[in-house]
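Participant: So here's work.csv, just CSV, C-alpha atoms and all ligand atoms:
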chain,number,residue,atom,x,y,z
A,1,MET,CA,-91.6,175.7,4.2
A,2,PHE,CA,-95.3,176.4,4.3
A,3,ASN,CA,-97.2,173.7,2.6
A,4,PRO,CA,-100.8,174.7,1.9
A,5,PHE,CA,-101.7,171.1,1.0
A,6,LYS,CA,-101.1,170.0,4.5
A,7,MET,CA,-104.1,172.0,5.6
A,8,PHE,CA,-106.4,170.2,3.3
A,9,PHE,CA,-105.1,166.7,3.1
A,10,PRO,CA,-105.2,165.0,6.5
A,11,LYS,CA,-102.0,163.4,7.6
A,12,LYS,CA,-102.5,159.7,8.4
A,13,MET,CA,-100.7,157.3,10.6
A,14,VAL,CA,-101.0,153.6,11.5
A,15,GLY,CA,-100.3,152.6,15.1
A,16,VAL,CA,-99.7,148.9,16.0
A,17,ASP,CA,-99.6,147.3,19.4
A,18,ILE,CA,-98.5,143.7,19.5
A,19,GLY,CA,-100.0,142.5,22.8
A,20,ALA,CA,-99.9,139.2,24.5
A,21,SER,CA,-103.6,138.6,23.9
A,22,SER,CA,-104.1,140.4,20.6
A,23,VAL,CA,-102.6,142.6,18.0
A,24,LYS,CA,-104.3,146.0,17.7
A,25,VAL,CA,-104.0,148.2,14.6
A,26,VAL,CA,-105.5,151.8,14.3
A,27,GLU,CA,-105.4,154.2,11.4
A,28,ILE,CA,-105.9,157.8,12.5
A,29,SER,CA,-105.7,161.2,10.8
A,30,ARG,CA,-105.3,164.8,11.9
A,31,TRP,CA,-106.7,167.9,10.2
A,32,GLY,CA,-106.3,171.3,11.7
A,33,GLY,CA,-107.2,170.8,15.4
A,34,GLY,CA,-109.3,167.6,14.8
A,35,LYS,CA,-108.6,163.9,14.8
A,36,THR,CA,-110.4,161.1,13.0
A,37,LEU,CA,-110.4,157.4,13.7
A,38,GLU,CA,-110.2,156.2,10.1
A,39,ASN,CA,-110.0,152.5,10.7
A,40,TYR,CA,-109.2,149.9,13.3
A,41,GLY,CA,-108.7,146.2,13.6
A,42,GLU,CA,-107.7,143.5,16.0
A,43,ILE,CA,-106.7,139.9,15.9
A,44,LYS,CA,-106.7,137.7,19.0
A,45,SER,CA,-103.5,135.8,19.6
A,46,ASP,CA,-105.3,132.6,20.3
A,47,SER,CA,-106.6,132.5,16.8
A,48,PHE,CA,-102.9,132.4,15.7
A,49,TYR,CA,-102.2,129.1,17.5
A,50,LYS,CA,-102.7,125.9,15.6
A,51,GLU,CA,-104.8,123.3,17.3
A,52,SER,CA,-102.6,120.5,18.5
A,53,SER,CA,-103.4,116.8,17.9
A,54,ASP,CA,-105.6,116.5,21.0
A,55,GLY,CA,-107.7,119.4,19.6
A,56,LYS,CA,-106.6,121.9,22.3
A,57,LYS,CA,-105.0,125.1,21.4
A,58,THR,CA,-101.6,125.6,22.8
A,59,ASN,CA,-99.9,129.0,23.4
A,60,SER,CA,-96.7,127.8,25.0
A,61,GLU,CA,-94.7,128.5,21.8
A,62,PRO,CA,-93.9,132.2,21.2
A,63,LEU,CA,-95.1,133.4,17.9
A,64,SER,CA,-92.6,134.2,15.2
A,65,ASN,CA,-92.2,137.7,14.0
A,66,ASP,CA,-92.9,136.5,10.5
A,67,PHE,CA,-96.2,135.2,11.7
A,68,ILE,CA,-97.2,138.4,13.5
A,69,SER,CA,-96.2,140.5,10.5
A,70,LYS,CA,-98.6,138.4,8.3
A,71,ALA,CA,-101.3,138.8,10.9
A,72,ILE,CA,-100.8,142.6,10.8
A,73,ARG,CA,-101.0,142.4,7.0
A,74,GLY,CA,-104.3,140.5,7.4
A,75,ILE,CA,-105.7,143.2,9.7
A,76,LEU,CA,-104.6,146.0,7.3
A,77,ASP,CA,-106.3,144.2,4.3
A,78,GLU,CA,-109.5,143.4,6.2
A,79,SER,CA,-109.8,146.9,7.6
A,80,GLN,CA,-108.8,148.4,4.2
A,81,ILE,CA,-106.0,150.5,5.7
A,82,LYS,CA,-104.0,152.0,2.8
A,83,THR,CA,-101.7,154.2,4.9
A,84,LYS,CA,-98.1,152.9,4.9
A,85,SER,CA,-96.5,154.9,7.7
A,86,VAL,CA,-96.5,152.9,10.9
A,87,ILE,CA,-95.4,153.4,14.5
A,88,PHE,CA,-95.1,150.4,16.7
A,89,SER,CA,-95.7,150.4,20.4
A,90,ILE,CA,-92.8,148.6,22.2
A,91,PRO,CA,-94.0,146.6,25.2
A,92,ASP,CA,-92.6,147.8,28.5
A,93,SER,CA,-90.9,144.5,29.0
A,94,SER,CA,-88.6,145.2,26.0
A,95,THR,CA,-87.8,148.8,27.0
A,96,PHE,CA,-85.8,150.3,29.9
A,97,CYS,CA,-87.1,153.5,31.3
A,98,THR,CA,-85.4,155.8,33.8
A,99,SER,CA,-85.4,159.5,34.7
A,100,PHE,CA,-82.6,161.7,35.9
A,101,GLU,CA,-81.5,165.3,35.9
A,102,ILE,CA,-78.9,167.1,33.9
A,103,PRO,CA,-77.6,170.6,34.4
A,104,PHE,CA,-79.3,173.4,32.3
A,105,MET,CA,-77.8,173.4,28.8
A,106,THR,CA,-78.6,174.4,25.2
A,107,GLU,CA,-80.6,172.0,23.0
A,108,LYS,CA,-77.5,171.1,21.0
A,109,GLU,CA,-75.6,170.0,24.1
A,110,ILE,CA,-78.4,167.7,25.4
A,111,PRO,CA,-77.8,164.5,23.4
A,112,GLU,CA,-74.2,164.2,24.5
A,113,ALA,CA,-75.1,164.8,28.1
A,114,ILE,CA,-77.9,162.2,27.9
A,115,TYR,CA,-75.6,159.6,26.3
A,116,TYR,CA,-73.0,160.3,29.0
A,117,ASN,CA,-75.5,159.8,31.8
A,118,ALA,CA,-77.4,156.9,30.2
A,119,SER,CA,-74.4,154.6,30.7
A,120,GLN,CA,-74.8,154.8,34.4
A,121,TYR,CA,-78.4,153.6,34.4
A,122,ILE,CA,-78.5,151.1,31.6
A,123,THR,CA,-77.0,147.7,32.0
A,124,LEU,CA,-76.4,147.0,28.3
A,125,PRO,CA,-73.5,148.7,26.5
A,126,ILE,CA,-74.7,152.0,25.1
A,127,SER,CA,-73.6,150.9,21.6
A,128,GLU,CA,-76.2,148.1,21.8
A,129,VAL,CA,-79.3,150.3,22.6
A,130,THR,CA,-81.3,153.0,20.8
A,131,LEU,CA,-82.1,155.9,23.1
A,132,ASP,CA,-85.3,158.0,23.1
A,133,TRP,CA,-85.9,160.8,25.6
A,134,LYS,CA,-88.3,163.6,26.7
A,135,ILE,CA,-87.2,166.7,28.5
A,136,ILE,CA,-89.7,167.6,31.2
A,137,PRO,CA,-90.1,171.4,31.0
A,138,ASN,CA,-89.3,173.5,34.0
A,139,PRO,CA,-91.9,175.8,35.5
A,140,PRO,CA,-91.8,179.4,33.9
A,141,GLY,CA,-89.9,180.9,36.9
A,142,GLU,CA,-87.2,178.3,36.8
A,143,LYS,CA,-86.2,178.3,33.2
A,144,LYS,CA,-82.5,177.7,33.9
A,145,ALA,CA,-82.9,175.1,36.6
A,146,ALA,CA,-81.6,171.5,36.2
A,147,MET,CA,-83.3,169.7,33.3
A,148,LYS,CA,-85.4,166.6,34.0
A,149,VAL,CA,-85.0,163.8,31.5
A,150,PHE,CA,-87.2,160.8,31.0
A,151,LEU,CA,-85.1,158.2,29.1
A,152,VAL,CA,-86.1,155.1,27.2
A,153,ALA,CA,-83.6,152.6,25.9
A,154,VAL,CA,-84.5,149.9,23.5
A,155,PRO,CA,-82.0,147.2,22.5
A,156,ASN,CA,-80.9,147.6,18.9
A,157,ARG,CA,-81.8,143.9,18.3
A,158,ILE,CA,-85.5,144.8,19.1
A,159,VAL,CA,-85.4,147.8,16.9
A,160,GLN,CA,-84.2,145.6,14.0
A,161,GLU,CA,-86.9,143.1,14.7
A,162,TYR,CA,-89.6,145.8,14.4
A,163,LYS,CA,-88.0,147.1,11.2
A,164,ALA,CA,-88.2,143.7,9.7
A,165,MET,CA,-91.8,143.1,10.8
A,166,ALA,CA,-92.9,146.4,9.3
A,167,ALA,CA,-91.2,145.4,6.0
A,168,ILE,CA,-92.9,142.0,5.9
A,169,ALA,CA,-96.3,143.6,6.7
A,170,GLY,CA,-95.7,146.0,3.7
A,171,LEU,CA,-95.4,149.0,6.0
A,172,LYS,CA,-92.9,151.8,6.3
A,173,LEU,CA,-91.6,152.2,9.8
A,174,HIS,CA,-92.0,155.8,10.9
A,175,ALA,CA,-90.9,155.2,14.5
A,176,ILE,CA,-91.2,152.9,17.5
A,177,GLU,CA,-92.2,154.2,20.9
A,178,ALA,CA,-92.3,152.8,24.4
A,179,GLU,CA,-95.9,151.7,25.3
A,180,ALA,CA,-95.7,153.8,28.5
A,181,LEU,CA,-95.2,157.0,26.5
A,182,GLY,CA,-98.0,156.0,24.1
A,183,VAL,CA,-100.6,155.3,26.7
A,184,THR,CA,-99.7,158.6,28.5
A,185,ARG,CA,-100.2,160.6,25.3
A,186,ALA,CA,-103.5,158.8,24.5
A,187,LEU,CA,-105.0,159.3,27.9
A,188,ILE,CA,-103.6,162.3,29.7
A,189,LYS,CA,-105.6,165.3,28.5
A,190,THR,CA,-104.9,167.8,31.3
A,191,SER,CA,-101.7,168.7,32.9
A,192,GLN,CA,-103.3,169.9,36.1
A,193,LYS,CA,-103.4,166.7,38.1
A,194,THR,CA,-100.8,164.2,39.3
A,195,VAL,CA,-102.0,160.9,37.9
A,196,CYS,CA,-101.1,157.3,38.5
A,197,LEU,CA,-101.9,155.5,35.3
A,198,ILE,CA,-101.9,151.7,35.5
A,199,ASP,CA,-101.8,149.6,32.4
A,200,ILE,CA,-103.0,146.1,33.3
A,201,GLY,CA,-101.6,143.6,30.8
A,202,VAL,CA,-102.1,140.0,30.2
A,203,GLN,CA,-98.5,139.2,30.8
A,204,SER,CA,-97.3,142.1,32.9
A,205,SER,CA,-98.5,145.4,34.2
A,206,THR,CA,-97.0,148.9,34.3
A,207,ILE,CA,-97.6,151.7,36.9
A,208,ASN,CA,-96.8,155.1,35.4
A,209,ILE,CA,-96.7,158.4,37.2
A,210,ILE,CA,-97.6,161.5,35.2
A,211,TYR,CA,-96.9,164.9,36.7
A,212,LYS,CA,-98.0,168.1,34.9
A,213,GLY,CA,-98.8,166.0,31.8
A,214,PHE,CA,-95.4,164.4,31.6
A,215,LEU,CA,-94.4,160.8,32.3
A,216,LYS,CA,-92.2,161.0,35.4
A,217,SER,CA,-91.7,157.3,36.2
A,218,SER,CA,-92.7,154.0,34.8
A,219,TYR,CA,-92.5,150.7,36.7
A,220,SER,CA,-93.3,147.3,35.2
A,221,PHE,CA,-93.9,144.2,37.2
A,222,ASN,CA,-95.3,140.8,36.6
A,223,PHE,CA,-98.9,141.1,37.6
A,224,ASN,CA,-100.7,139.2,34.9
A,225,SER,CA,-104.4,139.3,34.3
A,226,GLY,CA,-104.5,135.9,32.7
A,227,GLN,CA,-104.7,134.4,36.1
A,228,LEU,CA,-108.1,135.9,36.7
A,229,SER,CA,-109.7,133.7,34.1
A,230,ARG,CA,-107.8,130.7,35.4
A,231,ILE,CA,-109.1,131.1,38.9
A,232,VAL,CA,-112.7,131.6,37.7
A,233,SER,CA,-112.3,128.5,35.6
A,234,SER,CA,-111.2,126.3,38.6
A,235,ALA,CA,-113.7,127.8,41.0
A,236,LEU,CA,-116.6,127.2,38.7
A,237,GLY,CA,-115.4,124.1,37.0
A,238,VAL,CA,-115.8,125.6,33.5
A,239,ASP,CA,-113.3,125.7,30.7
A,240,LEU,CA,-111.1,128.7,30.2
A,241,LYS,CA,-113.1,130.3,27.4
A,242,GLU,CA,-116.3,130.2,29.4
A,243,ALA,CA,-114.5,131.4,32.5
A,244,GLU,CA,-113.1,134.4,30.5
A,245,ASN,CA,-116.7,135.3,29.4
A,246,ILE,CA,-118.1,135.0,32.9
A,247,LYS,CA,-115.2,137.1,34.3
A,248,ASN,CA,-115.6,139.8,31.7
A,249,LYS,CA,-119.4,139.9,32.2
A,250,GLU,CA,-119.7,139.6,36.0
A,251,GLY,CA,-116.2,140.3,37.3
A,252,LEU,CA,-116.3,141.4,40.9
A,253,MET,CA,-120.1,141.5,40.9
A,254,HIS,CA,-120.3,137.7,40.4
A,255,PRO,CA,-123.1,136.3,42.7
A,256,ARG,CA,-120.8,133.6,44.2
A,257,GLN,CA,-118.9,135.2,47.0
A,258,ASP,CA,-116.1,132.6,47.0
A,259,VAL,CA,-115.4,133.5,43.3
A,260,VAL,CA,-115.3,137.2,44.2
A,261,LYS,CA,-113.0,136.6,47.2
A,262,THR,CA,-110.5,134.7,45.1
A,263,LEU,CA,-110.5,137.5,42.5
A,264,TYR,CA,-109.9,140.1,45.3
A,265,MET,CA,-107.0,137.9,46.5
A,266,LEU,CA,-105.4,138.0,43.0
A,267,LEU,CA,-105.9,141.8,42.6
A,268,ASP,CA,-104.6,142.8,46.1
A,269,PRO,CA,-100.9,142.4,45.1
A,270,LEU,CA,-101.5,144.9,42.3
A,271,LEU,CA,-103.1,147.3,44.9
A,272,ILE,CA,-100.0,146.9,47.1
A,273,GLU,CA,-97.7,147.8,44.2
A,274,ILE,CA,-99.8,150.9,43.3
A,275,GLU,CA,-99.7,152.0,46.9
A,276,SER,CA,-96.0,151.6,47.2
A,277,VAL,CA,-95.2,153.4,43.9
A,278,CYS,CA,-97.5,156.3,45.0
A,279,SER,CA,-95.9,156.6,48.4
A,280,GLU,CA,-92.4,156.4,47.0
A,281,PHE,CA,-93.4,159.3,44.6
A,282,LEU,CA,-94.8,161.3,47.5
A,283,TYR,CA,-91.6,160.7,49.5
A,284,ARG,CA,-89.3,161.6,46.6
A,285,GLU,CA,-91.2,164.5,45.1
A,286,GLN,CA,-93.5,165.6,47.9
A,287,LYS,CA,-96.4,165.3,45.5
A,288,GLN,CA,-99.6,163.4,46.3
A,289,ILE,CA,-101.2,161.3,43.5
A,290,GLU,CA,-104.6,162.9,42.9
A,291,GLU,CA,-106.2,160.5,40.5
A,292,ILE,CA,-105.9,156.9,39.3
A,293,TYR,CA,-106.4,155.9,35.7
A,294,LEU,CA,-106.8,152.3,34.6
A,295,THR,CA,-106.2,151.0,31.1
A,296,GLY,CA,-105.6,147.7,29.3
A,297,GLY,CA,-108.5,145.3,28.6
A,298,THR,CA,-108.8,144.3,32.3
A,299,ALA,CA,-109.7,147.9,33.2
A,300,ASN,CA,-113.2,146.9,32.1
A,301,LEU,CA,-113.5,144.2,34.8
A,302,PRO,CA,-116.9,144.9,36.3
A,303,GLY,CA,-116.5,146.3,39.8
A,304,LEU,CA,-112.7,146.9,39.5
A,305,LYS,CA,-112.8,150.7,39.3
A,306,GLU,CA,-115.0,150.8,42.4
A,307,TYR,CA,-112.9,148.3,44.3
A,308,PHE,CA,-109.7,150.3,43.5
A,309,ALA,CA,-111.4,153.6,44.5
A,310,GLU,CA,-112.5,152.2,47.8
A,311,SER,CA,-109.1,150.6,48.6
A,312,LEU,CA,-106.9,153.5,47.4
A,313,LYS,CA,-109.3,156.2,48.6
A,314,LYS,CA,-108.9,158.1,45.4
A,315,ASN,CA,-111.0,158.8,42.3
A,316,VAL,CA,-110.4,156.1,39.7
A,317,TYR,CA,-111.2,156.5,36.0
A,318,VAL,CA,-111.1,154.3,32.9
A,319,PRO,CA,-110.3,157.0,30.3
A,320,ASN,CA,-111.4,156.5,26.7
A,321,CYS,CA,-108.5,156.9,24.2
A,322,PHE,CA,-111.1,157.5,21.4
A,323,SER,CA,-113.0,160.3,23.2
A,324,GLU,CA,-111.5,163.2,21.2
A,325,PHE,CA,-111.8,161.4,17.9
A,326,LEU,CA,-114.4,161.8,15.2
A,327,TYR,CA,-115.9,158.4,14.2
A,328,PRO,CA,-119.3,157.2,13.1
A,329,PRO,CA,-121.7,157.5,16.1
A,330,ILE,CA,-122.9,153.9,15.6
A,331,LEU,CA,-119.5,152.8,16.9
A,332,GLU,CA,-119.9,154.7,20.2
A,333,ASP,CA,-120.6,151.6,22.4
A,334,THR,CA,-118.1,149.3,20.6
A,335,LEU,CA,-115.3,151.8,20.9
A,336,ARG,CA,-116.0,152.5,24.6
A,337,GLN,CA,-115.7,148.8,25.2
A,338,MET,CA,-112.5,148.4,23.2
A,339,ALA,CA,-110.9,151.6,24.3
A,340,PRO,CA,-108.8,150.3,27.2
A,341,SER,CA,-107.1,147.7,24.9
A,342,PHE,CA,-106.3,150.3,22.2
A,343,SER,CA,-104.7,153.0,24.3
A,344,ALA,CA,-101.1,152.1,23.3
A,345,ALA,CA,-101.8,151.8,19.5
A,346,VAL,CA,-103.7,155.1,19.5
A,347,GLY,CA,-101.1,156.9,21.6
A,348,VAL,CA,-98.1,156.0,19.5
A,349,ALA,CA,-100.0,156.8,16.3
A,350,LEU,CA,-100.9,160.2,17.7
A,351,GLY,CA,-97.2,160.9,18.4
A,352,GLY,CA,-96.6,160.5,14.6
A,353,LEU,CA,-99.1,163.2,13.9
A,354,GLU,CA,-97.8,165.8,16.3
A,355,ALA,CA,-96.3,168.8,14.6
B,1,LIG,N1,-115.0,143.3,30.2
B,1,LIG,C1,-113.8,142.8,30.6
B,1,LIG,N2,-113.6,142.6,31.9
B,1,LIG,C2,-112.4,142.1,32.3
B,1,LIG,N3,-111.4,141.8,31.5
B,1,LIG,C3,-111.5,142.0,30.2
B,1,LIG,C4,-112.7,142.5,29.7
B,1,LIG,N4,-112.6,142.6,28.3
B,1,LIG,C5,-111.3,142.2,28.1
B,1,LIG,N5,-110.7,141.8,29.2
B,1,LIG,C6,-109.4,141.2,29.4
B,1,LIG,O1,-108.4,142.1,28.8
B,1,LIG,C7,-107.3,141.3,28.5
B,1,LIG,C8,-106.8,141.8,27.2
B,1,LIG,O2,-106.4,143.1,27.4
B,1,LIG,P1,-105.3,143.8,26.4
B,1,LIG,O3,-105.8,143.7,25.0
B,1,LIG,O4,-105.1,145.2,26.9
B,1,LIG,O5,-104.1,142.9,26.6
B,1,LIG,P2,-102.7,142.8,25.8
B,1,LIG,O6,-102.4,144.2,25.2
B,1,LIG,O7,-102.9,141.8,24.7
B,1,LIG,O8,-101.7,142.4,26.8
B,1,LIG,P3,-100.2,142.9,27.1
B,1,LIG,O9,-100.3,144.4,27.2
B,1,LIG,O10,-99.8,142.3,28.4
B,1,LIG,O11,-99.4,142.5,26.0
B,1,LIG,C9,-107.7,139.9,28.4
B,1,LIG,O12,-107.2,139.2,29.5
B,1,LIG,C10,-109.2,139.9,28.6
B,1,LIG,O13,-109.7,138.8,29.3
B,2,MG,MG,-101.2,145.8,25.9
Could you show the structure in this file as structure tokens?

Facilitator:
Amino acid sequence: MFNPFKMFFPKKMVGVDIGASSVKVVEISRWGGGKTLENYGEIKSDSFYKESSDGKKTNSEPLSNDFISKAIRGILDESQIKTKSVIFSIPDSSTFCTSFEIPFMTEKEIPEAIYYNASQYITLPISEVTLDWKIIPNPPGEKKAAMKVFLVAVPNRIVQEYKAMAAIAGLKLHAIEAEALGVTRALIKTSQKTVCLIDIGVQSSTINIIYKGFLKSSYSFNFNSGQLSRIVSSALGVDLKEAENIKNKEGLMHPRQDVVKTLYMLLDPLLIEIESVCSEFLYREQKQIEEIYLTGGTANLPGLKEYFAESLKKNVYVPNCFSEFLYPPILEDTLRQMAPSFSAAVGVALGGLEA
């Protein structure tokens, strides 16, 4: 039914991304064709950990969901976010993504065909997972060709955990969504180019291939950016906190060549993974990757974009997930800095505002 109020009252949504280094929360709204960043907040994980008896912070113990929920509540209160509807981004390590084809069929027939096919790809029993999928549209001339499906499976146990976390944080769970789908929505604005989008995480990283605006494949592996600070710390003999500051400020432009060389050595396995995913895509689909996008906080590492561009011989960008939002101009620089860390939270929230 046509609801005139929808045109005047913006619809709002909260997006939450529980990352290894911090929890990010955004509140966004949509009105007509525009989007507004209403509020945002972040709490670093190391501030969660209690100091142990020797005064050092320890992060060997995983945080309880109860604790994370309370942290989310804290961010909501501090940022004065009143919206209750929330979408959580599910880390790629907790989801299983695959793609396959099904014969052309009507919309009604699709779910059964997907459930039937899914059991061939997913190691867990189908009764123990929740499935989410996207159908990649066929080109106009091939409307009745086989349908390409991008499938995400999340163990039911994880879905339950997120439901419980939302409840403790005083939120209403609107949906959960795989991080890879979230970052794709947040960052891919054009469907013209074939893009390789790399989300560099603190614990693991994901290489996504986006073709004509749709996520075609998503591959996670254990490149962790936490090692970059550790190597700077041991090379310079400074503590981890200081090493992290130096790494973030100087990165690959650090005056000491030995430091830069060790950073290159740590980054090279990531480049090898990217090259192999891109050539596998070329082999399978006969499509060259045209552009490389980097996201995740480490995308801001000074000199990284240039190093990747030179090594991969492609244009490399660090897209800004806030670029199409309205926000107070004074936040411009802050948001540009924060953007790579917030892609997942922004992307999943945007999904909740789509018509
Ligand atoms: N300017 C910078 N240069 C390099 N690294 C940076 C910079 N700013 C932040 N980082 C790094 O980004 C990382 C945090 O990124 P992000 O917030 O995307 O991680 P996360 O979402 O918590 O991790 P994960 O996705 O693995 O759960 C930290 O390791 C931090 O050191
Ligand atoms: Mg992350």

Participant: Can you find the residues with an atom no farther than 9 Å from (-108.4, 151.2, 11.0), counting all atoms listed in the file, and report them as a list of chain:residue names?

Facilitator: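 The residues that fall inside the cut-off are A:Val14, A:Val25, A:Val26, A:Glu27, A:Ile28, A:Leu37, A:Glu38, A:Asn39, A:Tyr40, A:Gly41, A:Ile75, A:Leu76, A:Ser79, A:Gln80, A:Ile81.
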
Participant: Could you check which of A:Phe88, A:Phe96, A:Trp31, A:Phe308 is closest to ligand MG 2 (chain B), using only C-alpha atoms and all ligand atoms?

Facilitator: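 Among the listed residues, A:Phe88 lies closest to ligand MG 2 (chain B).
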
Participant: Would you kindly return, as a list in words, each protein, DNA or RNA residue with an atom no farther than 10 Å from any atom of Gln192 of chain A, considering all atoms listed in the file and excluding same-chain residues fewer than 6 positions away?

Facilitator: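 Once the nearby chain positions are removed, what remains is Tyr211, Lys212, Gly213 and Glu290 of chain A.
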
Participant: Create the file for the chosen residues now, containing C-alpha atoms and written as an mmCIF file, in the frame of the given file.

Facilitator:
data_model
loop_
_atom_site.group_PDB
_atom_site.id
_atom_site.type_symbol
_atom_site.label_atom_id
_atom_site.label_comp_id
_atom_site.auth_asym_id
_atom_site.auth_seq_id
_atom_site.Cartn_x
_atom_site.Cartn_y
_atom_site.Cartn_z
ATOM 1 C CA TYR A 211 -96.900 164.900 36.700
ATOM 2 C CA LYS A 212 -98.000 168.100 34.900
ATOM 3 C CA GLY A 213 -98.800 166.000 31.800
ATOM 4 C CA GLU A 290 -104.600 162.900 42.900
#

Participant: Taking all atoms listed in the file into account, which residues have an atom no farther than 6 Å from ligand MG 2 (chain B)? I'd like them as a PyMOL selection string.

Facilitator: chain A and resi 19+201+296

Participant: As a quick test: using all atoms listed in the file, which residues lie no more than 6 Å away from ligand LIG 1 (chain B)? Give them as a list in words.

Facilitator: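 I would give the residues around ligand LIG 1 (chain B) as Gly19, Ala20, Ser21, Ser22, Gly201, Val202, Gln203, Ser204, Ser225, Gly226, Glu244, Asn248, Lys249, Gly296, Gly297, Thr298, Asn300, Leu301, Pro302 and Ser341 of chain A.
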
Participant: Find the residues around segment 155-164 of chain A up to 10 Å (all atoms listed in the file counted), leave out those fewer than 4 positions away in its own chain, and share them as an MDAnalysis selection string.

Facilitator: chainID A and resid 65:66 69 87:90 94:96 124:131 168:176

Participant: Which residues come within 10 Å of Ile207 of chain A, counting all atoms listed in the file, excluding same-chain residues fewer than 2 positions away, as a list in words?

Facilitator: Ala180, Cys196, Leu197, Ile198, Asp199, Ile200, Ser205, Ile209, Ile210, Ser217, Ser218, Tyr219, Ser220, Phe221, Leu270, Glu273, Ile274, Val277, Cys278, Tyr293 and Leu294 of chain A

Participant: In Å, with one decimal, what is the gap from atom CA of Ile102 of chain A to atom CA of Ile122 of chain A?

Facilitator: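 Result for atom CA of Ile102 of chain A versus atom CA of Ile122 of chain A: 16.2 Å, one decimal.
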
Participant: Excluding segment 137-139 of chain A and any residue of its chain fewer than 4 positions from it, enumerate the residues within 12 Å of it, using all atoms listed in the file, and give them as a ChimeraX atom specification.

Facilitator: /A:101,104,143-150,211-216
